[in-house]
Amino acid sequence: MTLAVQKLTHYFNHPDDYLYKDVSLKFESSKFYAIVGESGSGKTTFVSFLAGLDSPVAGTINFNGKDIRKIGLTKYRNQDVTIIFQAYNLMTYMSALENVMSALSITNSKHAGDKQYATDLLASVGIDGDLINKNVQKLSGGQQQRVAIIRALAVDAPVVVADEPTGNLDSQNTKEITQIFKKVAHDSKKTVIVITHDQKVASMADVKIVLDDRKFTVKKPRKRVSKLRKIS
Amino acid sequence: MDYIKRAFLYLRRKIGRSLLLTLVITAIMTFVLAGLIIQNAALTAVNNSKDSVGTTVALSANRQKLFKQNQGSTGTSGFKSTNQAIITQKTANKLGSLSNVAAYQITATASVNASSFTAVKTSSSSSSKGGFSGMQSTESGDISISGVSTTAADSNFKNKNYVIIKGRGIKVSDKNTNNVVIEKTLASNNKIKVGKTIKIKNSDGDVKTLKVVGIYQAKTSSSASLATTDPSNTIYSSYTLASSLAGDGGKVSAVTYTLTDSSKEKAFVKKAKKLISSKLQLTTSDEIYELLSSSVKSIESIASKIVWIVAIAGIAILSLILILMIRERKHEIGVLMSLGEAKGKIIGQIFIETISILIISLFFAGIFGNLFGNVIGKQLVNQQTTSTQSLSSGAGAPGGGGAPGQGNTTGKGTTQKTGRPTAGGTSQLSSTLTGSSQLNKLSTHLTIGTLLKLGAFGLVIVGIATLLGSIPILSLKPKRILISE
Ligand SMILES: Nc1ncnc2c1ncn2[C@@H]1O[C@H](COP(=O)(O)OP(=O)(O)OP(=O)(O)O)[C@@H](O)[C@H]1O
Ligand SMILES: [Mg+2]
């Protein structure tokens, strides 16, 4: 699986006020990416293209070599990508379990209708017992966000895109959730792309991408060995 | 969990919102149903009255013409002739022998006084009606004789307002006999049985013995209270007897010809006109029907206006509510869209929600609408009856209608003082009332047709409102919910 951004250019009003120009980037499976950048630099706009929620002025997003507009944005969102927002991720009239179950049904997941699968996944992030059947509005912010993440990971889509998923969480929750992202990327061989302000989150990523001065810079992670060397 | 299940889950979990929407849709549907019930009742009443009028042509005195003549000639006695009994039996029969006449009903009326018995006194004729009826019962006859060819062809009997309960009705063979049919209350008050004789006194003071061959029962009280005489004091006889009692020398007041075919009406009128004097006039059933149905038709048009106004207002109100409700759900809809749910299915979910609520609302509206329909229907009937009454007595509607004036006020002394509530006017009124009372009866019933119509209206109203409410979804960019507000 590859997700490739090719010659992406975007501006809202005037071509001179572009957010970015001719950006080409490649995202691979089994990797956890973090995108950082100043507020207003265009991170949310960028992931909205990756997630098929919007289209750029120029350039293409190719999923496995195929332009996602050719796939069809709705179909692409349904089958290939899954999105986590900073807030308002859940269907408020449903329980945690129902949220996951309805996502499985909408995306025609191979696990559609499998309550045990959904229950087990939720339990893996501590949503268990009474919690899974409670209305999600009665859960804490951290619990709700964990439900949203489990819903995104439960579906079959190989690409997971998240826009500041931990923005409203305390550091403990942030750490736990970031670890889940990383684990999913590695264990389930998914491509996880997370936008964050949080340097701690960024430092846990396999690849860090900085959006600065209208340019994307890929920072390769330091090798574990070099880390060790530094410590020693 | 597909969109259908999601819809029902939403309705259950957001029960407050569901109830609110149920309330609004029930209110709209109730008004639509009330309108439909009245409309349906009015339409049926028009059709029924058309049936009851049938294809008939009425022969009567040309009142306008006679009235003008009388204004020229001095003296009040001239009024007498404007009221009736200027049709000779010979003319009546001559027209009856024309082709395409299936049957004809000759009517004549007389006002007499009870002699061997006492007339029924009701509160309406003695007090509440004031001087009008009071004068009539004292100064002129307290009994009115309604002469017919057969009672079976009389509109009151045809409409089953009057029913023979003992003995038999007046038949053609009763011509030139003293056989009569009296009302049940009159019979029981005076202990008169079928086969007995009664005595009456006519205006010249002559006493006549009549033979009771049957007893009928007047069922409707509504027309009785509005008519000028208590129906119990109406005695049915052959027209020959009525004519002679009135001193009309065998002349009769009206003849109603029933034709074999409605298409023959014009041809009949054309031929008949050549045979009658200018003092007489012919009124076709179409004309009678027109008069009779106009009041009911106006109810129908009010009702259909109610339906359309409520429908349009309902669409507007419901669209607004749905737009607001859907706007509140924009995050939920954004989540669905981000999961790749098709817009069609999202709107489909909302449709299932509103249609489900519509079905529940239709059930409630069925209960309430029936109640309201009756109340409003009765109100309209009352209003309409009042206006019809003033119209027919005030404007002096033309023609002695198909029905012989049952509550006929032709007492010779009275009419001079009270204006001219003529046979024509009164019978017109009574037939209109028959139509209206049918409306009264009908409005209590909720037909399957009306319910289906209501369902169709509901679907259209809720459908359009849901579509209008869903327009924002079509233009909703899922990206918007990425930017948390
Ligand atoms: N629909 C729009 N029309 C016009 N300008 C827009 C629109 N959406 C975003 N922008 C502008 O584009 C720029 C990038 O916005 P974006 O939301 O992508 O920033 P961001 O990097 O996500 O910021 P933050 O870290 O605060 O979330 C901003 O200057 C914003 O004002
Ligand atoms: Mg942002």
# chains A, B, ... in the order shown; residues from 1 in each chain; ligands from 1
>>> select_by_dssp(residues="region 172-297 of chain B", states="strand (DSSP E)", output="ChimeraX atom specification")
/B:179-183,197-201,207-218,234-238,254-259,280-284
>>> interface_residues(of="chain A", to="chain B", cutoff="7 Å", atoms="only C-alpha atoms", output="list of chain:residue names")
A:Ser48, A:Leu53, A:Asp54, A:Thr74, A:Lys75, A:Arg77, A:Asn78, A:Thr82, A:Ile83, A:Phe85, A:Ala87, A:Tyr88, A:Asn89, A:Leu90, A:Met91, A:Tyr93, A:Met101, A:Ser102, A:Ala103, A:Ser105, A:Ile106, A:Thr107
>>> residues_near_ligand(ligand="ligand 1", cutoff="12 Å", atoms="only C-alpha atoms and all ligand atoms", output="MDAnalysis selection string")
(chainID A and resid 10:14 17:20 35:49 54:56 85:86 162:165 167 194:198 210:214) or (chainID B and resid 477:485)
>>> residues_around(residues="Ala154 (chain A)", least_positions_apart="6", cutoff="10 Å", atoms="only C-alpha atoms", output="number ranges by chain")
A: 82, 100-101, 103-104, 109, 111-112, 117-118, 121-122, 148
>>> residues_around(residues="Tyr33 (chain A)", least_positions_apart="4", cutoff="9 Å", atoms="only C-alpha atoms", output="VMD selection string")
chain A and resid 27 191 to 195 202 205 to 209
>>> residues_around(residues="Val180 (chain B)", least_positions_apart="5", cutoff="8 Å", atoms="only C-alpha atoms", output="PyMOL selection string")
chain B and resi 170+210-214+235-238
>>> residues_around(residues="Leu169 (chain A)", least_positions_apart="6", cutoff="9 Å", atoms="only C-alpha atoms", output="PyMOL selection string")
chain A and resi 141-142+145
>>> residues_around(residues="region 450-460 of chain B", least_positions_apart="6", cutoff="7 Å", atoms="only C-alpha atoms", output="tab-separated table (two decimals) with all heavy atoms, in the first residue's frame")
chain	number	residue	atom	x	y	z
B	29	MET	N	-51.38	17.33	10.35
B	29	MET	CA	-52.23	16.28	9.76
B	29	MET	C	-53.67	16.38	10.26
B	29	MET	O	-54.60	16.08	9.53
B	29	MET	CB	-51.66	14.90	10.11
B	29	MET	CG	-50.41	14.54	9.35
B	29	MET	SD	-50.69	14.49	7.57
B	29	MET	CE	-49.80	15.90	7.04
B	33	LEU	N	-56.76	16.65	7.85
B	33	LEU	CA	-57.83	15.66	7.92
B	33	LEU	C	-59.19	16.32	8.14
B	33	LEU	O	-60.18	15.95	7.50
B	33	LEU	CB	-57.54	14.64	9.03
B	33	LEU	CG	-58.58	13.53	9.18
B	33	LEU	CD1	-58.74	12.75	7.87
B	33	LEU	CD2	-58.21	12.58	10.30
B	36	LEU	N	-60.25	17.60	4.93
B	36	LEU	CA	-60.62	16.52	4.01
B	36	LEU	C	-61.97	15.92	4.37
B	36	LEU	O	-62.76	15.60	3.49
B	36	LEU	CB	-59.54	15.43	4.03
B	36	LEU	CG	-58.23	15.74	3.31
B	36	LEU	CD1	-57.24	14.59	3.49
B	36	LEU	CD2	-58.46	15.99	1.83
B	37	ILE	N	-62.22	15.78	5.67
B	37	ILE	CA	-63.50	15.19	6.09
B	37	ILE	C	-64.65	16.07	5.66
B	37	ILE	O	-65.64	15.60	5.10
B	37	ILE	CB	-63.52	14.97	7.63
B	37	ILE	CG1	-62.57	13.83	8.02
B	37	ILE	CG2	-64.93	14.65	8.10
B	37	ILE	CD1	-62.39	13.67	9.51
B	358	LEU	N	-44.40	10.35	10.76
B	358	LEU	CA	-45.65	10.64	10.04
B	358	LEU	C	-46.68	9.54	10.29
B	358	LEU	O	-47.86	9.83	10.54
B	358	LEU	CB	-45.37	10.77	8.54
B	358	LEU	CG	-46.60	10.86	7.64
B	358	LEU	CD1	-47.34	12.17	7.86
B	358	LEU	CD2	-46.24	10.73	6.18
>>> atom_distance(atom1="CA of Ile145 (chain B)", atom2="CA of Ser97 (chain B)")
26.7 Å
>>> closest_residue(among="B:Ser111, B:Thr30, B:Ser294, B:Gln64", to="Gly147 (chain B)", atoms="only C-alpha atoms")
B:Ser111
>>> atom_distance(atom1="CA of Ser203 (chain A)", atom2="CA of Pro158 (chain A)")
22.7 Å
